[in-house]
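J.: This is the content of start.csv (CSV, C-alpha atoms and all ligand atoms):
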```csv
chain,number,residue,atom,x,y,z
A,1,GLU,CA,15.9,-14.7,-15.4
A,2,VAL,CA,16.0,-10.9,-15.8
A,3,SER,CA,16.4,-9.8,-19.4
A,4,ILE,CA,18.7,-6.8,-19.6
A,5,THR,CA,17.9,-4.7,-22.6
A,6,LYS,CA,20.5,-2.4,-24.1
A,7,PHE,CA,19.4,1.3,-23.6
A,8,PRO,CA,20.5,4.2,-25.7
A,9,ALA,CA,23.5,5.7,-23.9
A,10,ASP,CA,21.7,8.6,-22.2
A,11,GLU,CA,19.0,6.4,-20.7
A,12,ARG,CA,21.5,3.8,-19.5
A,13,LYS,CA,22.9,6.3,-17.0
A,14,ILE,CA,19.5,6.4,-15.2
A,15,ILE,CA,19.4,2.6,-14.9
A,16,ALA,CA,23.0,2.0,-14.2
A,17,LYS,CA,23.4,4.8,-11.7
A,18,ALA,CA,25.4,3.2,-8.9
A,19,HIS,CA,23.1,2.2,-6.1
A,20,ASP,CA,24.7,4.0,-3.2
A,21,LYS,CA,22.6,3.2,-0.1
A,22,TYR,CA,20.6,5.9,1.7
A,23,LYS,CA,21.4,8.6,-1.0
A,24,LYS,CA,18.0,7.9,-2.5
A,25,ALA,CA,16.1,7.8,0.8
A,26,ARG,CA,14.1,11.0,1.3
A,27,ALA,CA,11.8,12.4,4.0
A,28,GLY,CA,9.0,14.8,3.1
A,29,ILE,CA,5.5,16.1,3.5
A,30,ILE,CA,2.6,15.6,1.1
A,31,ASN,CA,0.0,18.4,1.5
A,32,THR,CA,-3.6,17.4,0.8
A,33,ARG,CA,-7.1,18.8,1.2
A,34,HIS,CA,-7.4,16.5,4.3
A,35,GLY,CA,-4.1,17.3,5.9
A,36,GLN,CA,-0.4,16.5,5.7
A,37,ILE,CA,1.2,13.1,5.1
A,38,HIS,CA,4.7,12.7,6.5
A,39,THR,CA,6.8,10.5,4.3
A,40,PRO,CA,8.1,7.9,4.3
A,41,ALA,CA,4.5,6.9,5.3
A,42,PHE,CA,2.8,3.6,6.1
A,43,MET,CA,-0.9,3.4,5.3
A,44,PRO,CA,-3.0,1.0,7.5
A,45,VAL,CA,-5.5,-0.9,5.3
A,46,GLY,CA,-9.2,-0.1,6.0
A,47,THR,CA,-10.7,-2.5,3.5
A,48,LYS,CA,-14.4,-2.1,4.1
A,49,GLY,CA,-14.4,1.5,5.4
A,50,THR,CA,-12.8,0.4,8.7
A,51,VAL,CA,-9.3,-0.5,9.9
A,52,LYS,CA,-10.5,-3.9,11.3
A,53,ALA,CA,-10.8,-4.0,15.1
A,54,MET,CA,-9.8,-0.3,15.4
A,55,LEU,CA,-11.7,2.9,16.1
A,56,PRO,CA,-10.6,5.6,13.7
A,57,GLU,CA,-9.6,7.8,16.6
A,58,SER,CA,-7.4,4.9,17.8
A,59,VAL,CA,-5.8,4.6,14.4
A,60,GLN,CA,-5.1,8.3,14.7
A,61,THR,CA,-3.3,7.9,18.0
A,62,THR,CA,-0.9,5.4,16.4
A,63,GLY,CA,0.4,8.3,14.2
A,64,ALA,CA,-1.1,7.2,10.9
A,65,ASP,CA,-1.6,10.3,8.6
A,66,ILE,CA,-3.5,8.3,5.9
A,67,ILE,CA,-5.4,5.1,5.5
A,68,LEU,CA,-6.3,3.0,2.5
A,69,GLY,CA,-9.8,2.0,1.4
A,70,ASN,CA,-10.6,-0.8,-1.1
A,71,THR,CA,-12.8,0.3,-4.0
A,72,TYR,CA,-13.8,-3.3,-4.9
A,73,HIS,CA,-15.4,-4.0,-1.5
A,74,LEU,CA,-17.1,-0.6,-1.1
A,75,MET,CA,-18.6,-0.6,-4.6
A,76,LEU,CA,-20.3,-3.9,-3.9
A,77,GLN,CA,-21.4,-2.9,-0.4
A,78,PRO,CA,-22.7,-0.4,0.6
A,79,GLY,CA,-22.2,1.0,-3.0
A,80,ALA,CA,-20.4,4.1,-4.0
A,81,LYS,CA,-23.5,6.1,-4.8
A,82,ARG,CA,-24.9,5.4,-1.3
A,83,VAL,CA,-21.6,6.4,0.4
A,84,PHE,CA,-21.7,9.6,-1.7
A,85,LYS,CA,-25.4,10.3,-0.7
A,86,LEU,CA,-24.4,9.8,3.0
A,87,GLY,CA,-21.6,12.4,2.7
A,88,GLY,CA,-18.7,10.5,1.4
A,89,LEU,CA,-16.3,7.9,3.0
A,90,HIS,CA,-14.6,10.4,5.3
A,91,LYS,CA,-17.9,11.2,7.0
A,92,PHE,CA,-19.3,7.7,6.7
A,93,MET,CA,-16.3,6.2,8.6
A,94,ASN,CA,-15.5,9.2,10.7
A,95,TRP,CA,-11.9,9.6,9.4
A,96,SER,CA,-11.1,13.3,8.5
A,97,LYS,CA,-7.5,12.8,7.4
A,98,PRO,CA,-6.3,11.7,4.0
A,99,LEU,CA,-7.8,8.6,2.4
A,100,LEU,CA,-6.2,6.7,-0.5
A,101,THR,CA,-8.5,4.4,-2.4
A,102,ASP,CA,-7.2,1.7,-4.7
A,103,SER,CA,-8.7,1.3,-8.2
A,104,GLY,CA,-10.3,-2.1,-7.5
A,105,GLY,CA,-8.5,-3.9,-10.3
A,106,PHE,CA,-6.1,-5.8,-8.2
A,107,GLN,CA,-8.9,-7.1,-5.9
A,108,VAL,CA,-11.2,-8.1,-8.7
A,109,MET,CA,-8.5,-10.4,-9.9
A,110,SER,CA,-8.0,-12.0,-6.5
A,111,LEU,CA,-11.5,-12.0,-5.1
A,112,SER,CA,-14.2,-12.0,-7.7
A,113,LYS,CA,-15.6,-15.2,-9.3
A,114,LEU,CA,-15.8,-15.4,-13.1
A,115,ARG,CA,-14.3,-12.3,-14.7
A,116,LYS,CA,-13.4,-11.2,-18.2
A,117,ILE,CA,-10.7,-8.7,-19.1
A,118,THR,CA,-11.4,-6.7,-22.2
A,119,GLU,CA,-9.9,-3.5,-23.6
A,120,GLU,CA,-12.9,-1.7,-22.1
A,121,GLY,CA,-12.3,-3.0,-18.5
A,122,VAL,CA,-13.0,-6.0,-16.3
A,123,ILE,CA,-16.5,-7.6,-16.2
A,124,PHE,CA,-17.0,-9.7,-13.1
A,125,ASN,CA,-19.5,-11.3,-10.7
A,126,SER,CA,-19.6,-10.1,-7.2
A,127,HIS,CA,-18.2,-12.7,-4.7
A,128,ILE,CA,-21.0,-11.7,-2.4
A,129,ASP,CA,-24.2,-12.5,-4.5
A,130,GLY,CA,-22.8,-13.2,-8.0
A,131,SER,CA,-24.4,-10.0,-9.5
A,132,LYS,CA,-22.6,-8.6,-12.5
A,133,PHE,CA,-20.3,-5.6,-12.4
A,134,MET,CA,-17.9,-3.8,-14.7
A,135,LEU,CA,-14.8,-1.9,-13.6
A,136,SER,CA,-13.1,0.3,-16.1
A,137,PRO,CA,-10.8,3.3,-16.0
A,138,GLU,CA,-13.8,5.5,-16.1
A,139,SER,CA,-16.1,3.7,-13.6
A,140,SER,CA,-13.2,3.1,-11.2
A,141,THR,CA,-12.3,6.8,-11.3
A,142,GLU,CA,-15.9,7.8,-10.8
A,143,ILE,CA,-16.4,5.4,-7.9
A,144,GLN,CA,-13.3,6.8,-6.2
A,145,TYR,CA,-14.7,10.3,-6.7
A,146,LEU,CA,-18.1,9.3,-5.2
A,147,LEU,CA,-16.2,7.9,-2.2
A,148,GLY,CA,-14.5,11.3,-1.9
A,149,SER,CA,-11.0,9.8,-1.7
A,150,THR,CA,-8.0,12.2,-1.3
A,151,ILE,CA,-5.8,10.1,-3.5
A,152,THR,CA,-7.3,8.2,-6.4
A,153,MET,CA,-5.5,5.4,-8.0
A,154,ALA,CA,-5.4,4.9,-11.8
A,155,PHE,CA,-7.1,1.7,-13.1
A,156,ASP,CA,-4.3,-0.7,-14.0
A,157,GLU,CA,-3.6,-4.3,-14.7
A,158,CYS,CA,-1.2,-5.9,-12.1
A,159,THR,CA,1.0,-8.0,-14.3
A,160,PRO,CA,1.3,-11.4,-12.6
A,161,TYR,CA,4.7,-12.9,-11.6
A,162,PRO,CA,6.3,-14.7,-13.4
A,163,SER,CA,5.4,-13.3,-16.8
A,164,THR,CA,7.3,-13.7,-20.1
A,165,TYR,CA,8.6,-10.5,-21.7
A,166,GLU,CA,5.8,-10.6,-24.2
A,167,GLN,CA,3.1,-11.0,-21.6
A,168,ALA,CA,4.6,-8.3,-19.5
A,169,LYS,CA,4.9,-6.0,-22.5
A,170,SER,CA,1.2,-6.3,-23.6
A,171,SER,CA,0.0,-6.0,-20.0
A,172,MET,CA,2.1,-2.9,-19.5
A,173,GLU,CA,0.7,-1.4,-22.7
A,174,LEU,CA,-2.8,-2.1,-21.6
A,175,THR,CA,-2.0,-0.3,-18.3
A,176,SER,CA,-0.7,2.7,-20.2
A,177,ARG,CA,-3.9,2.9,-22.3
A,178,TRP,CA,-6.0,2.5,-19.1
A,179,ALA,CA,-3.9,5.2,-17.3
A,180,LYS,CA,-4.7,7.7,-20.1
A,181,ARG,CA,-8.4,7.0,-19.8
A,182,SER,CA,-8.2,7.1,-16.0
A,183,ARG,CA,-6.4,10.5,-16.2
A,184,LYS,CA,-9.0,11.8,-18.6
A,185,ALA,CA,-11.9,10.7,-16.2
A,186,PHE,CA,-10.3,12.3,-13.2
A,187,TYR,CA,-12.0,15.4,-11.8
A,188,SER,CA,-9.0,17.3,-10.6
A,189,ARG,CA,-9.4,19.6,-7.6
A,190,ASP,CA,-7.0,21.4,-5.4
A,191,GLY,CA,-5.7,19.2,-2.6
A,192,TYR,CA,-6.8,16.0,-4.3
A,193,GLY,CA,-4.6,13.8,-6.4
A,194,GLN,CA,-4.5,10.9,-8.7
A,195,PHE,CA,-1.5,8.4,-8.9
A,196,GLY,CA,-0.5,6.5,-11.9
A,197,ILE,CA,0.8,2.9,-11.5
A,198,ILE,CA,3.8,1.7,-13.5
A,199,GLN,CA,4.1,-1.9,-14.6
A,200,GLY,CA,6.6,-3.8,-16.6
A,201,SER,CA,7.3,-6.7,-14.3
A,202,ILE,CA,11.1,-7.4,-13.9
A,203,TYR,CA,12.0,-6.1,-17.4
A,204,ASN,CA,13.8,-2.8,-17.1
A,205,ASP,CA,13.0,-1.5,-20.6
A,206,LEU,CA,9.3,-2.2,-20.0
A,207,ARG,CA,9.5,-0.4,-16.6
A,208,LEU,CA,11.1,2.6,-18.4
A,209,LYS,CA,8.5,2.7,-21.2
A,210,SER,CA,5.7,2.4,-18.5
A,211,ALA,CA,7.2,5.3,-16.6
A,212,LEU,CA,7.6,7.5,-19.8
A,213,ASP,CA,4.0,6.8,-20.8
A,214,LEU,CA,2.7,7.8,-17.3
A,215,ILE,CA,4.9,10.8,-16.8
A,216,GLU,CA,3.3,12.2,-20.0
A,217,LEU,CA,0.0,12.2,-18.1
A,218,ASP,CA,1.4,14.3,-15.3
A,219,PHE,CA,-0.1,12.4,-12.3
A,220,GLU,CA,0.3,13.9,-8.8
A,221,GLY,CA,2.2,10.8,-7.7
A,222,TYR,CA,3.3,7.4,-9.0
A,223,ALA,CA,2.9,3.9,-7.7
A,224,ILE,CA,5.2,1.0,-8.6
A,225,GLY,CA,2.8,-1.9,-9.3
A,226,GLY,CA,3.4,-5.5,-10.2
A,227,LEU,CA,5.6,-6.1,-7.1
A,228,ALA,CA,5.0,-8.1,-3.9
A,229,VAL,CA,3.2,-10.6,-6.1
A,230,GLY,CA,5.4,-13.6,-5.3
A,231,GLU,CA,8.7,-12.5,-6.8
A,232,GLY,CA,10.5,-12.5,-3.5
A,233,GLN,CA,12.4,-9.7,-1.8
A,234,GLU,CA,15.6,-10.1,-3.7
A,235,LEU,CA,13.9,-9.7,-7.1
A,236,MET,CA,11.7,-6.9,-5.8
A,237,PHE,CA,14.8,-5.0,-4.6
A,238,LYS,CA,16.5,-5.6,-8.0
A,239,VAL,CA,13.6,-3.8,-9.7
A,240,LEU,CA,13.6,-1.1,-7.0
A,241,ASP,CA,17.3,-0.6,-7.6
A,242,TYR,CA,16.3,1.4,-10.7
A,243,ALA,CA,12.5,1.8,-11.0
A,244,PRO,CA,12.0,4.7,-8.6
A,245,ASP,CA,14.7,6.7,-10.4
A,246,LEU,CA,12.5,6.6,-13.6
A,247,LEU,CA,9.9,8.6,-11.8
A,248,PRO,CA,9.8,12.4,-11.2
A,249,ILE,CA,12.0,13.1,-8.2
A,250,ASN,CA,9.6,15.7,-6.8
A,251,LYS,CA,6.5,13.5,-6.7
A,252,PRO,CA,5.5,10.8,-4.2
A,253,ARG,CA,6.4,7.2,-5.0
A,254,TYR,CA,4.1,4.5,-3.6
A,255,LEU,CA,5.1,0.8,-3.4
A,256,MET,CA,1.8,-1.1,-3.3
A,257,GLY,CA,1.2,-3.9,-0.9
A,258,VAL,CA,4.5,-3.7,0.9
A,259,GLY,CA,5.3,-4.9,3.5
A,260,LYS,CA,7.3,-6.3,6.3
A,261,PRO,CA,9.6,-4.0,8.2
A,262,ALA,CA,12.7,-5.2,6.3
A,263,ASP,CA,10.9,-4.7,3.0
A,264,ILE,CA,9.9,-1.2,3.9
A,265,ILE,CA,13.5,-0.2,5.0
A,266,GLY,CA,15.0,-1.6,1.8
A,267,ALA,CA,12.4,0.2,-0.3
A,268,VAL,CA,12.9,3.5,1.5
A,269,GLN,CA,16.6,3.2,0.9
A,270,ARG,CA,15.8,2.9,-2.8
A,271,GLY,CA,13.6,6.0,-2.9
A,272,ILE,CA,10.1,4.9,-2.0
A,273,ASP,CA,7.9,7.3,0.0
A,274,MET,CA,4.5,5.4,0.7
A,275,PHE,CA,3.5,1.9,1.7
A,276,ASP,CA,0.3,-0.1,2.5
A,277,CYS,CA,0.1,-3.6,3.8
A,278,VAL,CA,-2.4,-5.8,5.6
A,279,ILE,CA,0.4,-7.5,7.6
A,280,PRO,CA,0.2,-5.5,10.8
A,281,THR,CA,-3.6,-5.7,11.0
A,282,ARG,CA,-4.2,-9.2,9.6
A,283,SER,CA,-1.3,-10.8,11.5
A,284,GLY,CA,-2.3,-9.0,14.7
A,285,ARG,CA,-5.7,-10.7,14.5
A,286,ASN,CA,-3.9,-14.0,13.9
A,287,GLY,CA,-1.9,-13.5,17.1
A,288,GLN,CA,1.4,-12.2,15.7
A,289,ALA,CA,2.9,-9.2,17.4
A,290,PHE,CA,5.8,-7.2,15.8
A,291,THR,CA,8.3,-6.2,18.5
A,292,LYS,CA,11.9,-5.1,18.7
A,293,TYR,CA,12.7,-8.6,19.8
A,294,GLY,CA,11.2,-10.0,16.6
A,295,VAL,CA,7.7,-11.4,15.8
A,296,VAL,CA,6.0,-12.8,18.9
A,297,ASN,CA,3.4,-15.6,18.3
A,298,ILE,CA,1.3,-14.8,21.3
A,299,ARG,CA,-0.6,-18.1,21.0
A,300,ASN,CA,2.6,-20.0,21.9
A,301,SER,CA,2.1,-21.7,25.3
A,302,LYS,CA,5.3,-20.2,26.6
A,303,TYR,CA,3.4,-16.9,27.1
A,304,LYS,CA,0.5,-18.3,29.1
A,305,GLU,CA,2.0,-17.2,32.4
A,306,ASP,CA,4.2,-14.4,31.1
A,307,ASN,CA,3.3,-11.4,33.2
A,308,THR,CA,5.4,-8.9,31.1
A,309,PRO,CA,4.1,-6.6,28.3
A,310,LEU,CA,4.9,-7.2,24.6
A,311,GLU,CA,7.3,-4.3,24.7
A,312,GLU,CA,8.1,-2.5,28.0
A,313,ASP,CA,8.5,0.9,26.4
A,314,CYS,CA,5.6,0.8,24.0
A,315,LEU,CA,2.9,3.3,24.7
A,316,CYS,CA,0.0,1.3,23.1
A,317,PRO,CA,-2.8,0.1,25.4
A,318,ALA,CA,-1.8,-3.5,25.0
A,319,CYS,CA,1.7,-2.8,26.4
A,320,LYS,CA,0.7,-0.2,28.9
A,321,ASN,CA,-2.1,-2.0,30.6
A,322,TYR,CA,-1.9,-5.7,29.8
A,323,THR,CA,0.5,-8.7,29.8
A,324,LYS,CA,1.5,-11.3,27.3
A,325,ALA,CA,-0.4,-13.8,29.4
A,326,TYR,CA,-3.6,-11.9,29.1
A,327,LEU,CA,-3.1,-11.4,25.3
A,328,HIS,CA,-2.3,-15.1,25.0
A,329,TYR,CA,-5.5,-15.9,26.7
A,330,LEU,CA,-7.7,-13.5,24.7
A,331,VAL,CA,-6.3,-14.7,21.4
A,332,LYS,CA,-6.7,-18.4,22.4
A,333,VAL,CA,-10.4,-17.9,23.4
A,334,LYS,CA,-10.9,-15.7,20.3
A,335,GLU,CA,-12.1,-12.7,22.4
A,336,ILE,CA,-12.6,-9.6,20.3
A,337,LEU,CA,-10.4,-7.6,22.7
A,338,GLY,CA,-7.5,-9.8,21.7
A,339,ALA,CA,-7.8,-8.7,18.0
A,340,MET,CA,-8.2,-5.1,19.1
A,341,LEU,CA,-5.1,-5.0,21.4
A,342,MET,CA,-2.8,-7.0,19.0
A,343,THR,CA,-3.9,-4.8,16.1
A,344,TRP,CA,-3.3,-1.6,18.0
A,345,HIS,CA,0.1,-2.7,19.1
A,346,ASN,CA,1.2,-3.7,15.5
A,347,LEU,CA,-0.1,-0.4,14.0
A,348,MET,CA,1.8,1.5,16.7
A,349,TYR,CA,4.9,-0.6,15.9
A,350,PHE,CA,4.7,0.2,12.2
A,351,GLN,CA,4.2,3.9,12.7
A,352,LYS,CA,7.1,4.0,15.2
A,353,LEU,CA,9.2,2.4,12.6
A,354,MET,CA,8.2,5.0,10.0
A,355,LEU,CA,8.8,7.8,12.5
A,356,ARG,CA,12.3,6.6,13.3
A,357,ILE,CA,13.1,6.2,9.6
A,358,ARG,CA,11.9,9.8,8.9
A,359,GLU,CA,14.1,11.0,11.8
A,360,TYR,CA,17.2,9.1,10.7
A,361,ILE,CA,16.8,10.5,7.1
A,362,ALA,CA,16.3,14.0,8.4
A,363,GLN,CA,19.5,13.6,10.5
A,364,GLY,CA,21.3,12.1,7.5
A,365,LYS,CA,22.0,9.0,9.5
A,366,ASP,CA,22.1,5.4,8.1
A,367,PHE,CA,19.1,3.4,9.2
A,368,ASP,CA,20.0,-0.1,8.1
A,369,PHE,CA,19.7,-1.9,11.4
A,370,ILE,CA,16.3,-0.6,12.4
A,371,SER,CA,13.5,-3.2,12.0
A,401,LIG,O1,0.3,-3.7,-9.4
A,401,LIG,C1,-0.7,-3.4,-8.6
A,401,LIG,N1,-1.7,-2.6,-9.0
A,401,LIG,C2,-2.7,-2.3,-8.2
A,401,LIG,N2,-2.8,-2.8,-6.9
A,401,LIG,C3,-1.7,-3.6,-6.4
A,401,LIG,C4,-1.8,-4.1,-5.1
A,401,LIG,C5,-0.8,-4.9,-4.7
A,401,LIG,N3,-0.6,-5.6,-3.5
A,401,LIG,C6,0.5,-6.3,-3.6
A,401,LIG,N4,1.0,-7.1,-2.7
A,401,LIG,C7,0.2,-7.4,-1.5
A,401,LIG,C8,0.9,-8.5,-0.8
A,401,LIG,N5,0.2,-8.8,0.4
A,401,LIG,C9,1.3,-9.2,1.4
A,401,LIG,C10,0.6,-9.6,2.7
A,401,LIG,O2,-0.4,-10.6,2.5
A,401,LIG,C11,-1.4,-10.2,1.6
A,401,LIG,C12,-0.8,-9.8,0.2
A,401,LIG,N6,1.1,-6.1,-4.8
A,401,LIG,C13,0.3,-5.2,-5.5
A,401,LIG,C14,0.4,-4.8,-6.8
A,401,LIG,C15,-0.7,-3.9,-7.3
A,402,ZN,ZN,2.5,-2.0,22.2
```
Would you kindly transcribe this structure into structure tokens?
T.:
Amino acid sequence: EVSITKFPADERKIIAKAHDKYKKARAGIINTRHGQIHTPAFMPVGTKGTVKAMLPESVQTTGADIILGNTYHLMLQPGAKRVFKLGGLHKFMNWSKPLLTDSGGFQVMSLSKLRKITEEGVIFNSHIDGSKFMLSPESSTEIQYLLGSTITMAFDECTPYPSTYEQAKSSMELTSRWAKRSRKAFYSRDGYGQFGIIQGSIYNDLRLKSALDLIELDFEGYAIGGLAVGEGQELMFKVLDYAPDLLPINKPRYLMGVGKPADIIGAVQRGIDMFDCVIPTRSGRNGQAFTKYGVVNIRNSKYKEDNTPLEEDCLCPACKNYTKAYLHYLVKVKEILGAMLMTWHNLMYFQKLMLRIREYIAQGKDFDFIS
């Protein structure tokens, strides 16, 4: 159940603003020290300093302007100080365009064994060798600085779904205190930025309070956290019907962890500019190809003698030079080339989707049916 809280009249108009489709969609450019990001943008996930099964130059040919790196993995191995000594993550992984690193908080909660959340931060044991670590607003911000990331994420607590109003309130308040400490620890430089992450679960007054707390800290951009955590698309869109409007209209809005093409389209229509999701890479390695005909499960035996490409007009190597029969075979026998080609195609598909969305917005056209 979504608790609707009465707002003072003037704030009500923000929340209640009629949700006319497309009016909130916007296309733009984020200028950074490492180049431009055309929005709406999709960020391929490069968890351990690599977009799995892809060369960075291949990621670049798909049209990606920016990729995401996970702080949690990199701080455990090879270690942020070592990456810094080796010239930073851009040099280490040979990616010269923008890099966004997450704060590590979300992954600590999903990956590490034994952890303890205190006001100070999160104490946890590495899932690799059990050694003890602490992530805090200060240490997370410093680690992201050592990695050399273009866009640093504030250290937040992702409020689980479902949460009671009280749970969501205290979690959001912790995130606000941590955001303040993250902002203070950030070493601001031209062309680099730090994004705050708003919480508040499905409660609109908590979302508003979270936004007000973070706007005070004047971040270069804002993420909407606490979504894509099991609430489902309908409830996610219900929050997105108003939450982006609480954020500064002239700053990037990033929806973390989203998502499938239909999720991305619906979120862009509600004013979101940036996305990241493991779906195109992870499902590619698992034999799922996104195509204009829908998702193709290449392992299905109906493809074993299918001599046609995944998509006849796709320019990716998988479609240009290979058949579904070959991809079916490679994935079945777990050949590395299968993971490479399926990943390449899916990343190309997601970037083509973003390109078409940007074009439709620029032409003022509706883009409901794309997917
Ligand atoms: O509040 C958040 N704070 C910081 N990081 C996040 C990352 C997040 N990632 C998701 N969803 C990821 C959903 N994936 C879908 C595909 O399969 C893997 C999980 N939701 C997220 C919320 C947060
Ligand atoms: Zn293709």
J.: Residues near A:Leu341, anyone? I mean within 10 Å using all atoms listed in the file, not counting same-chain ones fewer than 6 positions away, as a list of chain:residue names.
T.: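 Those residues are A:Ala53, A:Met54, A:Gly284, A:Arg285, A:Ala289, A:Cys316, A:Pro317, A:Ala318, A:Cys319, A:Tyr322, A:Leu327, A:Leu330, A:Val331.
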J.: Taking only residues of chain A that have an atom at most 6 Å from an atom of ligand LIG 401 (chain A), what is each one's shortest atom pair and its distance in Å to one decimal, using all atoms listed in the file, in chain and number order, as JSON lines?
T.:
```
{"residue": "A:Phe106", "atom": "CA", "partner": "A:LIG401", "partner_atom": "N2", "distance": 4.6}
{"residue": "A:Asp156", "atom": "CA", "partner": "A:LIG401", "partner_atom": "N1", "distance": 5.9}
{"residue": "A:Cys158", "atom": "CA", "partner": "A:LIG401", "partner_atom": "O1", "distance": 3.8}
{"residue": "A:Gly225", "atom": "CA", "partner": "A:LIG401", "partner_atom": "O1", "distance": 3.1}
{"residue": "A:Gly226", "atom": "CA", "partner": "A:LIG401", "partner_atom": "O1", "distance": 3.7}
{"residue": "A:Leu227", "atom": "CA", "partner": "A:LIG401", "partner_atom": "N6", "distance": 5.1}
{"residue": "A:Ala228", "atom": "CA", "partner": "A:LIG401", "partner_atom": "N4", "distance": 4.3}
{"residue": "A:Val229", "atom": "CA", "partner": "A:LIG401", "partner_atom": "N6", "distance": 5.1}
{"residue": "A:Met256", "atom": "CA", "partner": "A:LIG401", "partner_atom": "C5", "distance": 4.8}
{"residue": "A:Gly257", "atom": "CA", "partner": "A:LIG401", "partner_atom": "N3", "distance": 3.6}
{"residue": "A:Val278", "atom": "CA", "partner": "A:LIG401", "partner_atom": "C10", "distance": 5.6}
{"residue": "A:Ile279", "atom": "CA", "partner": "A:LIG401", "partner_atom": "C10", "distance": 5.3}
```
J.: For the residues in the current selection, export C-alpha atoms as a PDB file, in the coordinates of the input.
T.:
```pdb
ATOM      1  CA  PHE A 106      -6.100  -5.800  -8.200  1.00  0.00           C
ATOM      2  CA  ASP A 156      -4.300  -0.700 -14.000  1.00  0.00           C
ATOM      3  CA  CYS A 158      -1.200  -5.900 -12.100  1.00  0.00           C
ATOM      4  CA  GLY A 225       2.800  -1.900  -9.300  1.00  0.00           C
ATOM      5  CA  GLY A 226       3.400  -5.500 -10.200  1.00  0.00           C
ATOM      6  CA  LEU A 227       5.600  -6.100  -7.100  1.00  0.00           C
ATOM      7  CA  ALA A 228       5.000  -8.100  -3.900  1.00  0.00           C
ATOM      8  CA  VAL A 229       3.200 -10.600  -6.100  1.00  0.00           C
ATOM      9  CA  MET A 256       1.800  -1.100  -3.300  1.00  0.00           C
ATOM     10  CA  GLY A 257       1.200  -3.900  -0.900  1.00  0.00           C
ATOM     11  CA  VAL A 278      -2.400  -5.800   5.600  1.00  0.00           C
ATOM     12  CA  ILE A 279       0.400  -7.500   7.600  1.00  0.00           C
TER      13      ILE A 279
END
```
J.: Would you name the residues within 12 Å of ligand ZN 402 (chain A), counting only C-alpha atoms and all ligand atoms, and put them as a count of residues only?
T.: 38
J.: Can you tell me which residues surround A:Ala25 at a distance of at most 7 Å, considering only C-alpha atoms, apart from same-chain residues fewer than 3 positions away, and format the answer as number ranges by chain?
T.: A: 22, 268-271, 361
J.: One decimal, Å: what's the distance from atom CA of A:Met93 over to atom CA of A:Thr50, could you say?
T.: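 Answer for the atom CA of A:Met93 to atom CA of A:Thr50 separation: 6.8 Å.
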J.: What does the distance between atom CA of A:Tyr222 and atom CA of A:Phe92 come to in Å, to one decimal place?
T.: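 Result for atom CA of A:Tyr222 versus atom CA of A:Phe92: 27.5 Å, one decimal.
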J.: Which is closer to A:His73 than all the others in A:Thr61, A:Gln144, A:Thr32, A:Thr175, using all atoms listed in the file?
T.: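 Nearest candidate to A:His73 out of A:Thr61, A:Gln144, A:Thr32, A:Thr175: A:Gln144.
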J.: Could you list, as a ChimeraX atom specification, every residue within 8 Å of A:Val258, counting only C-alpha atoms and ignoring same-chain residues fewer than 4 positions away?
T.: /A:228,263-264,275-277
J.: Pick out the closest residue to A:Lys334 from this set: A:Thr164, A:Asn286, A:Thr101, A:Thr159. Count only C-alpha atoms.
T.: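 Closest to A:Lys334 of all the choices is A:Asn286.
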J.: Any idea what the distance is between atom CA of A:Met134 and atom CA of A:Val108?
T.: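 Computing it gives 10.0 Å between the two atoms.
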J.: Can you tell me which residues surround A:Ile29 at a distance of at most 8 Å, considering all atoms listed in the file, apart from same-chain residues fewer than 3 positions away, and format the answer as a VMD selection string?
T.: chain A and resid 36 to 39
J.: For A:Ile272, work out the shell of residues within 12 Å, counting all atoms listed in the file and skipping chain neighbours fewer than 5 positions away, then give it as a ChimeraX atom specification.
T.: /A:22-28,39-42,221-224,237,240-256,258,263-267
J.: Using only C-alpha atoms for the distances, tell me which of A:Leu68, A:Ala185, A:Ile198, A:Ile336 is nearest to A:Tyr145.
T.: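 Once distances to A:Tyr145 are computed over only C-alpha atoms, the minimum belongs to A:Ala185.
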J.: With distances taken over only C-alpha atoms, which residue among A:Met354, A:Ile202, A:Val333, A:Ile143 lies nearest A:Ala168?
T.: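 Counting only C-alpha atoms, the residue closest to A:Ala168 is A:Ile202.
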J.: Restricting the calculation to all atoms listed in the file: of A:Glu120, A:Gly232, A:Pro56, A:Glu142, which residue gets closest to A:Phe84?
T.: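 Looking only at the distances to A:Phe84, the closest residue turns out to be A:Glu142.
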J.: Find the residues with any atom within 9 Å of (10.0, -0.6, -17.1); use only C-alpha atoms and the coordinates as given in the file, and write the answer as a compact mmCIF listing (two decimals) with C-alpha atoms, in the coordinates of the input.
T.:
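Output (part16.txt):
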```txt
# COMPACT_ATOMS: atom_id res chain seq x y z
CA MET A 172 2.10 -2.90 -19.50
CA ILE A 198 3.80 1.70 -13.50
CA GLN A 199 4.10 -1.90 -14.60
CA GLY A 200 6.60 -3.80 -16.60
CA SER A 201 7.30 -6.70 -14.30
CA ILE A 202 11.10 -7.40 -13.90
CA TYR A 203 12.00 -6.10 -17.40
CA ASN A 204 13.80 -2.80 -17.10
CA ASP A 205 13.00 -1.50 -20.60
CA LEU A 206 9.30 -2.20 -20.00
CA ARG A 207 9.50 -0.40 -16.60
CA LEU A 208 11.10 2.60 -18.40
CA LYS A 209 8.50 2.70 -21.20
CA SER A 210 5.70 2.40 -18.50
CA ALA A 211 7.20 5.30 -16.60
CA LEU A 212 7.60 7.50 -19.80
CA VAL A 239 13.60 -3.80 -9.70
CA ALA A 243 12.50 1.80 -11.00
CA LEU A 246 12.50 6.60 -13.60
```
